[in-house]
Structure formats: C-alpha cells, structure tokens
>>> print(open('upload.tsv').read())   # TSV, N, CA and C atoms
chain	number	residue	atom	x	y	z
A	38	VAL	N	9.07	-25.12	6.06
A	38	VAL	CA	9.73	-23.82	6.24
A	38	VAL	C	11.07	-24.04	6.95
A	39	GLN	N	12.12	-23.42	6.40
A	39	GLN	CA	13.43	-23.48	7.04
A	39	GLN	C	13.79	-22.06	7.52
A	40	LEU	N	14.42	-22.00	8.67
A	40	LEU	CA	14.78	-20.72	9.27
A	40	LEU	C	16.26	-20.70	9.60
A	41	GLN	N	16.91	-19.60	9.27
A	41	GLN	CA	18.33	-19.43	9.56
A	41	GLN	C	18.50	-18.14	10.34
A	42	ALA	N	18.88	-18.28	11.61
A	42	ALA	CA	19.06	-17.12	12.47
A	42	ALA	C	20.52	-16.71	12.51
A	43	SER	N	20.75	-15.41	12.70
A	43	SER	CA	22.11	-14.90	12.80
A	43	SER	C	22.10	-13.59	13.57
A	44	GLY	N	23.28	-13.12	13.95
A	44	GLY	CA	23.39	-11.79	14.53
A	44	GLY	C	23.67	-11.75	16.02
A	45	GLY	N	23.73	-12.89	16.68
A	45	GLY	CA	24.02	-12.87	18.10
A	45	GLY	C	25.47	-12.47	18.36
A	46	GLY	N	25.79	-12.32	19.64
A	46	GLY	CA	27.15	-11.95	20.01
A	46	GLY	C	27.22	-11.55	21.46
A	47	SER	N	28.34	-10.93	21.80
A	47	SER	CA	28.58	-10.49	23.18
A	47	SER	C	28.72	-8.98	23.20
A	48	VAL	N	27.98	-8.35	24.10
A	48	VAL	CA	28.04	-6.90	24.24
A	48	VAL	C	28.00	-6.54	25.72
A	49	GLN	N	28.38	-5.32	26.01
A	49	GLN	CA	28.24	-4.82	27.37
A	49	GLN	C	26.84	-4.25	27.57
A	50	ALA	N	26.45	-4.17	28.81
A	50	ALA	CA	25.15	-3.60	29.14
A	50	ALA	C	25.02	-2.21	28.52
A	51	GLY	N	23.85	-1.96	27.96
A	51	GLY	CA	23.61	-0.70	27.27
A	51	GLY	C	23.87	-0.76	25.79
A	52	GLY	N	24.50	-1.84	25.34
A	52	GLY	CA	24.81	-1.98	23.93
A	52	GLY	C	23.62	-2.46	23.11
A	53	SER	N	23.87	-2.67	21.81
A	53	SER	CA	22.82	-3.06	20.88
A	53	SER	C	23.27	-4.23	20.02
A	54	LEU	N	22.31	-5.01	19.60
A	54	LEU	CA	22.53	-6.08	18.63
A	54	LEU	C	21.29	-6.16	17.75
A	55	ARG	N	21.47	-6.66	16.53
A	55	ARG	CA	20.33	-6.93	15.67
A	55	ARG	C	20.39	-8.38	15.22
A	56	LEU	N	19.33	-9.09	15.50
A	56	LEU	CA	19.20	-10.47	15.07
A	56	LEU	C	18.43	-10.52	13.75
A	57	SER	N	18.79	-11.48	12.92
A	57	SER	CA	18.09	-11.70	11.67
A	57	SER	C	17.64	-13.15	11.59
A	58	CYS	N	16.54	-13.35	10.88
A	58	CYS	CA	16.03	-14.70	10.66
A	58	CYS	C	15.52	-14.78	9.24
A	59	ALA	N	16.23	-15.54	8.41
A	59	ALA	CA	15.85	-15.69	7.02
A	59	ALA	C	15.01	-16.95	6.85
A	60	ALA	N	13.87	-16.80	6.20
A	60	ALA	CA	12.97	-17.92	5.98
A	60	ALA	C	13.04	-18.39	4.54
A	61	SER	N	12.91	-19.69	4.34
A	61	SER	CA	12.88	-20.26	3.00
A	61	SER	C	11.91	-21.44	3.01
A	62	GLY	N	11.59	-21.92	1.83
A	62	GLY	CA	10.63	-23.02	1.73
A	62	GLY	C	9.23	-22.50	1.48
A	63	SER	N	8.28	-23.05	2.19
A	63	SER	CA	6.86	-22.70	1.98
A	63	SER	C	6.49	-21.43	2.72
A	64	ILE	N	7.16	-20.35	2.35
A	64	ILE	CA	6.99	-19.11	3.10
A	64	ILE	C	5.60	-18.51	2.92
A	65	GLU	N	4.92	-18.90	1.85
A	65	GLU	CA	3.58	-18.34	1.63
A	65	GLU	C	2.59	-18.85	2.66
A	66	SER	N	2.98	-19.89	3.38
A	66	SER	CA	2.10	-20.46	4.39
A	66	SER	C	2.29	-19.85	5.78
A	67	ILE	N	3.27	-18.94	5.90
A	67	ILE	CA	3.58	-18.37	7.21
A	67	ILE	C	2.45	-17.46	7.67
A	68	ASN	N	2.00	-17.66	8.90
A	68	ASN	CA	0.94	-16.84	9.49
A	68	ASN	C	1.47	-15.86	10.52
A	69	LEU	N	2.49	-16.29	11.25
A	69	LEU	CA	2.97	-15.51	12.37
A	69	LEU	C	4.45	-15.77	12.53
A	70	MET	N	5.22	-14.73	12.86
A	70	MET	CA	6.65	-14.88	13.09
A	70	MET	C	6.98	-14.31	14.47
A	71	GLY	N	8.02	-14.85	15.07
A	71	GLY	CA	8.36	-14.35	16.39
A	71	GLY	C	9.75	-14.74	16.84
A	72	TRP	N	10.16	-14.13	17.92
A	72	TRP	CA	11.43	-14.45	18.58
A	72	TRP	C	11.14	-14.95	19.98
A	73	TYR	N	11.88	-15.98	20.36
A	73	TYR	CA	11.82	-16.54	21.70
A	73	TYR	C	13.25	-16.56	22.25
A	74	ARG	N	13.36	-16.72	23.54
A	74	ARG	CA	14.70	-16.85	24.14
A	74	ARG	C	14.67	-17.84	25.29
A	75	GLN	N	15.83	-18.45	25.50
A	75	GLN	CA	15.96	-19.44	26.55
A	75	GLN	C	17.26	-19.20	27.29
A	76	ALA	N	17.14	-18.79	28.55
A	76	ALA	CA	18.31	-18.60	29.40
A	76	ALA	C	18.69	-19.95	30.02
A	77	PRO	N	19.94	-20.09	30.47
A	77	PRO	CA	20.37	-21.36	31.06
A	77	PRO	C	19.48	-21.79	32.23
A	78	GLY	N	19.02	-23.02	32.17
A	78	GLY	CA	18.21	-23.55	33.24
A	78	GLY	C	16.77	-23.08	33.25
A	79	LYS	N	16.37	-22.35	32.23
A	79	LYS	CA	15.01	-21.82	32.19
A	79	LYS	C	14.28	-22.30	30.94
A	80	GLN	N	12.99	-22.10	30.92
A	80	GLN	CA	12.20	-22.50	29.77
A	80	GLN	C	12.33	-21.47	28.67
A	81	ARG	N	11.94	-21.87	27.47
A	81	ARG	CA	11.95	-20.96	26.33
A	81	ARG	C	10.72	-20.05	26.42
A	82	ASP	N	10.96	-18.75	26.36
A	82	ASP	CA	9.89	-17.78	26.53
A	82	ASP	C	9.77	-16.87	25.31
A	83	LEU	N	8.57	-16.41	25.08
A	83	LEU	CA	8.30	-15.47	24.00
A	83	LEU	C	8.95	-14.12	24.29
A	84	VAL	N	9.52	-13.52	23.23
A	84	VAL	CA	10.06	-12.16	23.33
A	84	VAL	C	9.18	-11.20	22.55
A	85	ALA	N	8.90	-11.53	21.29
A	85	ALA	CA	8.12	-10.63	20.45
A	85	ALA	C	7.50	-11.41	19.30
A	86	LEU	N	6.36	-10.91	18.83
A	86	LEU	CA	5.66	-11.50	17.70
A	86	LEU	C	5.36	-10.43	16.67
A	87	ILE	N	5.25	-10.85	15.41
A	87	ILE	CA	4.81	-9.95	14.35
A	87	ILE	C	3.91	-10.72	13.40
A	88	THR	N	2.78	-10.11	13.08
A	88	THR	CA	1.81	-10.75	12.18
A	88	THR	C	2.12	-10.43	10.72
A	89	ASN	N	1.38	-11.08	9.83
A	89	ASN	CA	1.58	-10.81	8.40
A	89	ASN	C	1.24	-9.37	8.05
A	90	SER	N	0.36	-8.76	8.79
A	90	SER	CA	-0.01	-7.37	8.53
A	90	SER	C	0.87	-6.37	9.26
A	91	GLY	N	1.84	-6.87	10.00
A	91	GLY	CA	2.79	-5.99	10.67
A	91	GLY	C	2.46	-5.66	12.12
A	92	GLY	N	1.40	-6.22	12.63
A	92	GLY	CA	1.09	-6.01	14.03
A	92	GLY	C	2.11	-6.67	14.92
A	93	THR	N	2.44	-6.02	16.04
A	93	THR	CA	3.50	-6.53	16.90
A	93	THR	C	3.02	-6.68	18.34
A	94	ASN	N	3.72	-7.54	19.06
A	94	ASN	CA	3.44	-7.74	20.47
A	94	ASN	C	4.75	-8.08	21.16
A	95	TYR	N	4.96	-7.53	22.36
A	95	TYR	CA	6.22	-7.73	23.07
A	95	TYR	C	5.96	-8.18	24.50
A	96	VAL	N	6.90	-8.95	25.02
A	96	VAL	CA	6.87	-9.23	26.45
A	96	VAL	C	7.21	-7.94	27.18
A	97	GLU	N	6.64	-7.76	28.35
A	97	GLU	CA	6.77	-6.49	29.06
A	97	GLU	C	8.22	-6.08	29.29
A	98	SER	N	9.08	-7.03	29.56
A	98	SER	CA	10.46	-6.71	29.94
A	98	SER	C	11.30	-6.12	28.80
A	99	VAL	N	10.83	-6.22	27.56
A	99	VAL	CA	11.62	-5.70	26.44
A	99	VAL	C	10.95	-4.51	25.76
A	100	LYS	N	9.76	-4.17	26.19
A	100	LYS	CA	9.05	-3.04	25.58
A	100	LYS	C	9.88	-1.76	25.69
A	101	GLY	N	9.95	-1.03	24.59
A	101	GLY	CA	10.73	0.20	24.57
A	101	GLY	C	12.20	-0.01	24.28
A	102	ARG	N	12.66	-1.26	24.29
A	102	ARG	CA	14.08	-1.55	24.03
A	102	ARG	C	14.26	-2.40	22.77
A	103	PHE	N	13.35	-3.31	22.52
A	103	PHE	CA	13.45	-4.22	21.37
A	103	PHE	C	12.40	-3.83	20.33
A	104	THR	N	12.75	-4.04	19.07
A	104	THR	CA	11.82	-3.81	17.97
A	104	THR	C	11.87	-4.99	17.01
A	105	ILE	N	10.72	-5.60	16.79
A	105	ILE	CA	10.62	-6.68	15.82
A	105	ILE	C	10.11	-6.12	14.50
A	106	SER	N	10.66	-6.60	13.41
A	106	SER	CA	10.23	-6.14	12.10
A	106	SER	C	10.43	-7.26	11.08
A	107	ARG	N	9.89	-7.07	9.91
A	107	ARG	CA	10.06	-8.07	8.86
A	107	ARG	C	10.17	-7.37	7.52
A	108	ASP	N	10.97	-7.95	6.64
A	108	ASP	CA	11.13	-7.49	5.27
A	108	ASP	C	10.57	-8.60	4.39
A	109	ASN	N	9.36	-8.43	3.94
A	109	ASN	CA	8.71	-9.50	3.17
A	109	ASN	C	9.41	-9.76	1.84
A	110	ALA	N	10.01	-8.73	1.27
A	110	ALA	CA	10.72	-8.91	0.00
A	110	ALA	C	11.93	-9.82	0.17
A	111	ARG	N	12.55	-9.77	1.35
A	111	ARG	CA	13.72	-10.62	1.63
A	111	ARG	C	13.37	-11.84	2.47
A	112	ASN	N	12.08	-11.99	2.80
A	112	ASN	CA	11.66	-13.13	3.63
A	112	ASN	C	12.48	-13.21	4.91
A	113	THR	N	12.71	-12.07	5.51
A	113	THR	CA	13.57	-11.99	6.67
A	113	THR	C	12.89	-11.22	7.80
A	114	MET	N	13.07	-11.71	9.00
A	114	MET	CA	12.57	-11.05	10.20
A	114	MET	C	13.77	-10.56	11.01
A	115	TYR	N	13.57	-9.46	11.72
A	115	TYR	CA	14.65	-8.88	12.51
A	115	TYR	C	14.21	-8.65	13.95
A	116	LEU	N	15.19	-8.59	14.82
A	116	LEU	CA	14.95	-8.14	16.18
A	116	LEU	C	16.06	-7.15	16.53
A	117	GLN	N	15.71	-5.88	16.56
A	117	GLN	CA	16.66	-4.86	16.98
A	117	GLN	C	16.59	-4.76	18.49
A	118	MET	N	17.72	-4.96	19.15
A	118	MET	CA	17.78	-4.96	20.61
A	118	MET	C	18.69	-3.83	21.07
A	119	ASN	N	18.11	-2.87	21.75
A	119	ASN	CA	18.85	-1.72	22.26
A	119	ASN	C	18.84	-1.74	23.79
A	120	ASN	N	19.78	-0.99	24.36
A	120	ASN	CA	19.87	-0.89	25.81
A	120	ASN	C	19.81	-2.28	26.46
A	121	LEU	N	20.65	-3.15	25.96
A	121	LEU	CA	20.64	-4.52	26.44
A	121	LEU	C	21.06	-4.61	27.90
A	122	LYS	N	20.48	-5.57	28.60
A	122	LYS	CA	20.75	-5.77	30.02
A	122	LYS	C	21.28	-7.20	30.22
A	123	PRO	N	22.01	-7.43	31.30
A	123	PRO	CA	22.53	-8.79	31.54
A	123	PRO	C	21.41	-9.84	31.57
A	124	GLU	N	20.24	-9.47	32.01
A	124	GLU	CA	19.14	-10.43	32.05
A	124	GLU	C	18.58	-10.77	30.67
A	125	ASP	N	19.06	-10.10	29.63
A	125	ASP	CA	18.69	-10.46	28.27
A	125	ASP	C	19.56	-11.60	27.73
A	126	THR	N	20.57	-11.98	28.48
A	126	THR	CA	21.45	-13.07	28.06
A	126	THR	C	20.67	-14.36	27.90
A	127	ALA	N	20.76	-14.95	26.71
A	127	ALA	CA	20.01	-16.17	26.40
A	127	ALA	C	20.36	-16.62	24.99
A	128	VAL	N	19.90	-17.80	24.66
A	128	VAL	CA	19.89	-18.22	23.26
A	128	VAL	C	18.56	-17.76	22.67
A	129	TYR	N	18.64	-17.05	21.56
A	129	TYR	CA	17.45	-16.51	20.91
A	129	TYR	C	17.09	-17.38	19.71
A	130	TYR	N	15.81	-17.72	19.63
A	130	TYR	CA	15.31	-18.58	18.56
A	130	TYR	C	14.25	-17.83	17.76
A	131	CYS	N	14.34	-17.95	16.44
A	131	CYS	CA	13.24	-17.44	15.63
A	131	CYS	C	12.23	-18.57	15.39
A	132	ASN	N	11.02	-18.15	15.25
A	132	ASN	CA	9.90	-19.10	15.16
A	132	ASN	C	8.90	-18.60	14.14
A	133	VAL	N	8.33	-19.51	13.38
A	133	VAL	CA	7.17	-19.16	12.56
A	133	VAL	C	6.09	-20.20	12.79
A	134	ARG	N	4.88	-19.76	12.60
A	134	ARG	CA	3.73	-20.67	12.61
A	134	ARG	C	3.13	-20.63	11.22
A	135	ALA	N	2.96	-21.80	10.64
A	135	ALA	CA	2.59	-21.84	9.24
A	135	ALA	C	1.48	-22.85	8.99
A	136	GLY	N	0.76	-22.60	7.91
A	136	GLY	CA	-0.26	-23.53	7.49
A	136	GLY	C	-1.53	-23.44	8.30
A	137	PRO	N	-2.53	-24.19	7.90
A	137	PRO	CA	-3.84	-24.13	8.58
A	137	PRO	C	-3.81	-24.60	10.02
A	138	THR	N	-2.82	-25.41	10.37
A	138	THR	CA	-2.72	-25.91	11.74
A	138	THR	C	-1.75	-25.09	12.60
A	139	MET	N	-1.24	-24.01	12.05
A	139	MET	CA	-0.28	-23.16	12.77
A	139	MET	C	0.89	-23.99	13.30
A	140	ARG	N	1.42	-24.83	12.45
A	140	ARG	CA	2.56	-25.66	12.83
A	140	ARG	C	3.77	-24.80	13.16
A	141	ASN	N	4.51	-25.20	14.19
A	141	ASN	CA	5.70	-24.47	14.62
A	141	ASN	C	6.94	-24.90	13.86
A	142	PHE	N	7.73	-23.91	13.45
A	142	PHE	CA	9.04	-24.14	12.88
A	142	PHE	C	10.05	-23.28	13.65
A	143	TRP	N	11.23	-23.84	13.92
A	143	TRP	CA	12.24	-23.15	14.72
A	143	TRP	C	13.55	-23.00	13.98
A	144	GLY	N	14.20	-21.86	14.19
A	144	GLY	CA	15.57	-21.69	13.73
A	144	GLY	C	16.52	-22.35	14.72
A	145	GLN	N	17.81	-22.29	14.42
A	145	GLN	CA	18.79	-23.03	15.19
A	145	GLN	C	19.22	-22.33	16.48
A	146	GLY	N	18.84	-21.10	16.68
A	146	GLY	CA	19.23	-20.40	17.89
A	146	GLY	C	20.53	-19.63	17.72
A	147	THR	N	20.59	-18.47	18.33
A	147	THR	CA	21.81	-17.65	18.30
A	147	THR	C	22.02	-17.07	19.69
A	148	GLN	N	23.26	-17.16	20.17
A	148	GLN	CA	23.57	-16.76	21.54
A	148	GLN	C	23.73	-15.25	21.65
A	149	VAL	N	23.09	-14.69	22.65
A	149	VAL	CA	23.27	-13.28	23.01
A	149	VAL	C	23.77	-13.24	24.45
A	150	THR	N	24.92	-12.60	24.65
A	150	THR	CA	25.50	-12.50	25.98
A	150	THR	C	25.73	-11.02	26.30
A	151	VAL	N	25.17	-10.59	27.41
A	151	VAL	CA	25.29	-9.19	27.83
A	151	VAL	C	26.02	-9.15	29.17
A	152	SER	N	27.14	-8.49	29.20
A	152	SER	CA	27.93	-8.41	30.43
A	152	SER	C	27.70	-7.06	31.12
A	153	SER	N	27.82	-7.09	32.42
A	153	SER	CA	27.57	-5.86	33.20
A	153	SER	C	28.83	-5.04	33.36
>>> encode(input="upload.tsv", output="structure tokens")
Amino acid sequence: VQLQASGGGSVQAGGSLRLSCAASGSIESINLMGWYRQAPGKQRDLVALITNSGGTNYVESVKGRFTISRDNARNTMYLQMNNLKPEDTAVYYCNVRAGPTMRNFWGQGTQVTVSS
C-alpha cells in the first residue's frame, strides 16, 4: 500500500485545513485508516481512526474540532480540521493497517502550522 498525503499549510488560530491521503496498491487489504501527528521533540501520537465500516475514534484534544472521513470510491481519507489551535502544530501522517497481520503503512507527512 502506498499513501500520498497533502493539504497541510500555515493558518492562524481558529482557522481550518483539510488533509487528504490517497491510497494505492493493495487497497483491498486495508483494515483501518488513521491520522497521526508528531510535534517537534515529541513522539508520534494518534489523532483519529476510521474503520472500513465508517466507525471513528478521536483523541480527546481534537473531539468536536476534527472530522475524519473516507471516500472509498476515490480510495482517499480526509481529516477536516476546524478551530485550529497552536498546539495542533505538527507533522501529520496518514496511516493504514493492512492484511491479516495489520501491517503498518505510512504516508510521507504534511506540515500543519498554527500561529496564535
């Protein structure tokens, strides 16, 4: 599975961005898709997950502000980010888990910078 992320940028606090992650390759093997983020000097943390059936899960800090979705016809996952805060600044990575072993695949990362 190959992943191509896009949509990052710089916004002021309170602004919005939408990230996209296009999947290609053995997409029929995908079990779970998600977004992670890594701030400078910190570990990579989960932001949101979406299952094949559309079930979602979010880290507490983004609930009510971020929405994860997927377009199966386009093999693309999205992360709509509203009311962005400076603490959301990070490199955002898309992730899928595929196959019987739930192998991890990562996109290249896209920078999101939120200024106060």
>>> select_by_dssp(input="upload.tsv", residues="chain A", states="strand (DSSP E or B)", output="tab-separated table (two decimals) with N, CA and C atoms, keeping the file's coordinate frame")
chain	number	residue	atom	x	y	z
A	39	GLN	N	12.12	-23.42	6.40
A	39	GLN	CA	13.43	-23.48	7.04
A	39	GLN	C	13.79	-22.06	7.52
A	40	LEU	N	14.42	-22.00	8.67
A	40	LEU	CA	14.78	-20.72	9.27
A	40	LEU	C	16.26	-20.70	9.60
A	41	GLN	N	16.91	-19.60	9.27
A	41	GLN	CA	18.33	-19.43	9.56
A	41	GLN	C	18.50	-18.14	10.34
A	42	ALA	N	18.88	-18.28	11.61
A	42	ALA	CA	19.06	-17.12	12.47
A	42	ALA	C	20.52	-16.71	12.51
A	43	SER	N	20.75	-15.41	12.70
A	43	SER	CA	22.11	-14.90	12.80
A	43	SER	C	22.10	-13.59	13.57
A	46	GLY	N	25.79	-12.32	19.64
A	46	GLY	CA	27.15	-11.95	20.01
A	46	GLY	C	27.22	-11.55	21.46
A	47	SER	N	28.34	-10.93	21.80
A	47	SER	CA	28.58	-10.49	23.18
A	47	SER	C	28.72	-8.98	23.20
A	48	VAL	N	27.98	-8.35	24.10
A	48	VAL	CA	28.04	-6.90	24.24
A	48	VAL	C	28.00	-6.54	25.72
A	49	GLN	N	28.38	-5.32	26.01
A	49	GLN	CA	28.24	-4.82	27.37
A	49	GLN	C	26.84	-4.25	27.57
A	54	LEU	N	22.31	-5.01	19.60
A	54	LEU	CA	22.53	-6.08	18.63
A	54	LEU	C	21.29	-6.16	17.75
A	55	ARG	N	21.47	-6.66	16.53
A	55	ARG	CA	20.33	-6.93	15.67
A	55	ARG	C	20.39	-8.38	15.22
A	56	LEU	N	19.33	-9.09	15.50
A	56	LEU	CA	19.20	-10.47	15.07
A	56	LEU	C	18.43	-10.52	13.75
A	57	SER	N	18.79	-11.48	12.92
A	57	SER	CA	18.09	-11.70	11.67
A	57	SER	C	17.64	-13.15	11.59
A	58	CYS	N	16.54	-13.35	10.88
A	58	CYS	CA	16.03	-14.70	10.66
A	58	CYS	C	15.52	-14.78	9.24
A	59	ALA	N	16.23	-15.54	8.41
A	59	ALA	CA	15.85	-15.69	7.02
A	59	ALA	C	15.01	-16.95	6.85
A	60	ALA	N	13.87	-16.80	6.20
A	60	ALA	CA	12.97	-17.92	5.98
A	60	ALA	C	13.04	-18.39	4.54
A	61	SER	N	12.91	-19.69	4.34
A	61	SER	CA	12.88	-20.26	3.00
A	61	SER	C	11.91	-21.44	3.01
A	67	ILE	N	3.27	-18.94	5.90
A	67	ILE	CA	3.58	-18.37	7.21
A	67	ILE	C	2.45	-17.46	7.67
A	68	ASN	N	2.00	-17.66	8.90
A	68	ASN	CA	0.94	-16.84	9.49
A	68	ASN	C	1.47	-15.86	10.52
A	69	LEU	N	2.49	-16.29	11.25
A	69	LEU	CA	2.97	-15.51	12.37
A	69	LEU	C	4.45	-15.77	12.53
A	70	MET	N	5.22	-14.73	12.86
A	70	MET	CA	6.65	-14.88	13.09
A	70	MET	C	6.98	-14.31	14.47
A	71	GLY	N	8.02	-14.85	15.07
A	71	GLY	CA	8.36	-14.35	16.39
A	71	GLY	C	9.75	-14.74	16.84
A	72	TRP	N	10.16	-14.13	17.92
A	72	TRP	CA	11.43	-14.45	18.58
A	72	TRP	C	11.14	-14.95	19.98
A	73	TYR	N	11.88	-15.98	20.36
A	73	TYR	CA	11.82	-16.54	21.70
A	73	TYR	C	13.25	-16.56	22.25
A	74	ARG	N	13.36	-16.72	23.54
A	74	ARG	CA	14.70	-16.85	24.14
A	74	ARG	C	14.67	-17.84	25.29
A	75	GLN	N	15.83	-18.45	25.50
A	75	GLN	CA	15.96	-19.44	26.55
A	75	GLN	C	17.26	-19.20	27.29
A	81	ARG	N	11.94	-21.87	27.47
A	81	ARG	CA	11.95	-20.96	26.33
A	81	ARG	C	10.72	-20.05	26.42
A	82	ASP	N	10.96	-18.75	26.36
A	82	ASP	CA	9.89	-17.78	26.53
A	82	ASP	C	9.77	-16.87	25.31
A	83	LEU	N	8.57	-16.41	25.08
A	83	LEU	CA	8.30	-15.47	24.00
A	83	LEU	C	8.95	-14.12	24.29
A	84	VAL	N	9.52	-13.52	23.23
A	84	VAL	CA	10.06	-12.16	23.33
A	84	VAL	C	9.18	-11.20	22.55
A	85	ALA	N	8.90	-11.53	21.29
A	85	ALA	CA	8.12	-10.63	20.45
A	85	ALA	C	7.50	-11.41	19.30
A	86	LEU	N	6.36	-10.91	18.83
A	86	LEU	CA	5.66	-11.50	17.70
A	86	LEU	C	5.36	-10.43	16.67
A	87	ILE	N	5.25	-10.85	15.41
A	87	ILE	CA	4.81	-9.95	14.35
A	87	ILE	C	3.91	-10.72	13.40
A	88	THR	N	2.78	-10.11	13.08
A	88	THR	CA	1.81	-10.75	12.18
A	88	THR	C	2.12	-10.43	10.72
A	93	THR	N	2.44	-6.02	16.04
A	93	THR	CA	3.50	-6.53	16.90
A	93	THR	C	3.02	-6.68	18.34
A	94	ASN	N	3.72	-7.54	19.06
A	94	ASN	CA	3.44	-7.74	20.47
A	94	ASN	C	4.75	-8.08	21.16
A	95	TYR	N	4.96	-7.53	22.36
A	95	TYR	CA	6.22	-7.73	23.07
A	95	TYR	C	5.96	-8.18	24.50
A	103	PHE	N	13.35	-3.31	22.52
A	103	PHE	CA	13.45	-4.22	21.37
A	103	PHE	C	12.40	-3.83	20.33
A	104	THR	N	12.75	-4.04	19.07
A	104	THR	CA	11.82	-3.81	17.97
A	104	THR	C	11.87	-4.99	17.01
A	105	ILE	N	10.72	-5.60	16.79
A	105	ILE	CA	10.62	-6.68	15.82
A	105	ILE	C	10.11	-6.12	14.50
A	106	SER	N	10.66	-6.60	13.41
A	106	SER	CA	10.23	-6.14	12.10
A	106	SER	C	10.43	-7.26	11.08
A	107	ARG	N	9.89	-7.07	9.91
A	107	ARG	CA	10.06	-8.07	8.86
A	107	ARG	C	10.17	-7.37	7.52
A	108	ASP	N	10.97	-7.95	6.64
A	108	ASP	CA	11.13	-7.49	5.27
A	108	ASP	C	10.57	-8.60	4.39
A	113	THR	N	12.71	-12.07	5.51
A	113	THR	CA	13.57	-11.99	6.67
A	113	THR	C	12.89	-11.22	7.80
A	114	MET	N	13.07	-11.71	9.00
A	114	MET	CA	12.57	-11.05	10.20
A	114	MET	C	13.77	-10.56	11.01
A	115	TYR	N	13.57	-9.46	11.72
A	115	TYR	CA	14.65	-8.88	12.51
A	115	TYR	C	14.21	-8.65	13.95
A	116	LEU	N	15.19	-8.59	14.82
A	116	LEU	CA	14.95	-8.14	16.18
A	116	LEU	C	16.06	-7.15	16.53
A	117	GLN	N	15.71	-5.88	16.56
A	117	GLN	CA	16.66	-4.86	16.98
A	117	GLN	C	16.59	-4.76	18.49
A	118	MET	N	17.72	-4.96	19.15
A	118	MET	CA	17.78	-4.96	20.61
A	118	MET	C	18.69	-3.83	21.07
A	127	ALA	N	20.76	-14.95	26.71
A	127	ALA	CA	20.01	-16.17	26.40
A	127	ALA	C	20.36	-16.62	24.99
A	128	VAL	N	19.90	-17.80	24.66
A	128	VAL	CA	19.89	-18.22	23.26
A	128	VAL	C	18.56	-17.76	22.67
A	129	TYR	N	18.64	-17.05	21.56
A	129	TYR	CA	17.45	-16.51	20.91
A	129	TYR	C	17.09	-17.38	19.71
A	130	TYR	N	15.81	-17.72	19.63
A	130	TYR	CA	15.31	-18.58	18.56
A	130	TYR	C	14.25	-17.83	17.76
A	131	CYS	N	14.34	-17.95	16.44
A	131	CYS	CA	13.24	-17.44	15.63
A	131	CYS	C	12.23	-18.57	15.39
A	132	ASN	N	11.02	-18.15	15.25
A	132	ASN	CA	9.90	-19.10	15.16
A	132	ASN	C	8.90	-18.60	14.14
A	133	VAL	N	8.33	-19.51	13.38
A	133	VAL	CA	7.17	-19.16	12.56
A	133	VAL	C	6.09	-20.20	12.79
A	134	ARG	N	4.88	-19.76	12.60
A	134	ARG	CA	3.73	-20.67	12.61
A	134	ARG	C	3.13	-20.63	11.22
A	135	ALA	N	2.96	-21.80	10.64
A	135	ALA	CA	2.59	-21.84	9.24
A	135	ALA	C	1.48	-22.85	8.99
A	140	ARG	N	1.42	-24.83	12.45
A	140	ARG	CA	2.56	-25.66	12.83
A	140	ARG	C	3.77	-24.80	13.16
A	141	ASN	N	4.51	-25.20	14.19
A	141	ASN	CA	5.70	-24.47	14.62
A	141	ASN	C	6.94	-24.90	13.86
A	142	PHE	N	7.73	-23.91	13.45
A	142	PHE	CA	9.04	-24.14	12.88
A	142	PHE	C	10.05	-23.28	13.65
A	143	TRP	N	11.23	-23.84	13.92
A	143	TRP	CA	12.24	-23.15	14.72
A	143	TRP	C	13.55	-23.00	13.98
A	147	THR	N	20.59	-18.47	18.33
A	147	THR	CA	21.81	-17.65	18.30
A	147	THR	C	22.02	-17.07	19.69
A	148	GLN	N	23.26	-17.16	20.17
A	148	GLN	CA	23.57	-16.76	21.54
A	148	GLN	C	23.73	-15.25	21.65
A	149	VAL	N	23.09	-14.69	22.65
A	149	VAL	CA	23.27	-13.28	23.01
A	149	VAL	C	23.77	-13.24	24.45
A	150	THR	N	24.92	-12.60	24.65
A	150	THR	CA	25.50	-12.50	25.98
A	150	THR	C	25.73	-11.02	26.30
A	151	VAL	N	25.17	-10.59	27.41
A	151	VAL	CA	25.29	-9.19	27.83
A	151	VAL	C	26.02	-9.15	29.17
A	152	SER	N	27.14	-8.49	29.20
A	152	SER	CA	27.93	-8.41	30.43
A	152	SER	C	27.70	-7.06	31.12
>>> closest_residue(input="upload.tsv", among="A:Leu54, A:Ala85, A:Ile105, A:Ile67", to="Ala135 of chain A", atoms="all atoms listed in the file")
A:Ile67
>>> closest_residue(input="upload.tsv", among="A:Met70, A:Ala60, A:Val151, A:Val84", to="Tyr129 of chain A", atoms="only C-alpha atoms")
A:Val84
>>> atom_distance(input="upload.tsv", atom1="atom N of Gly62 of chain A", atom2="atom CA of Leu40 of chain A")
8.2 Å
>>> closest_residue(input="upload.tsv", among="A:Cys58, A:Asn120, A:Lys79, A:Tyr95", to="Asn132 of chain A", atoms="only N, CA and C atoms")
A:Cys58
>>> closest_residue(input="upload.tsv", among="A:Arg140, A:Arg134, A:Arg55, A:Lys122", to="Asn89 of chain A", atoms="only C-alpha atoms")
A:Arg134
>>> atom_distance(input="upload.tsv", atom1="atom CA of Arg111 of chain A", atom2="atom CA of Gly46 of chain A")
22.8 Å
>>> closest_residue(input="upload.tsv", among="A:Gln117, A:Asn112, A:Ser153, A:Thr88", to="Ser61 of chain A", atoms="only N, CA and C atoms")
A:Asn112
>>> atom_distance(input="upload.tsv", atom1="atom CA of Leu83 of chain A", atom2="atom CA of Ala110 of chain A")
25.0 Å
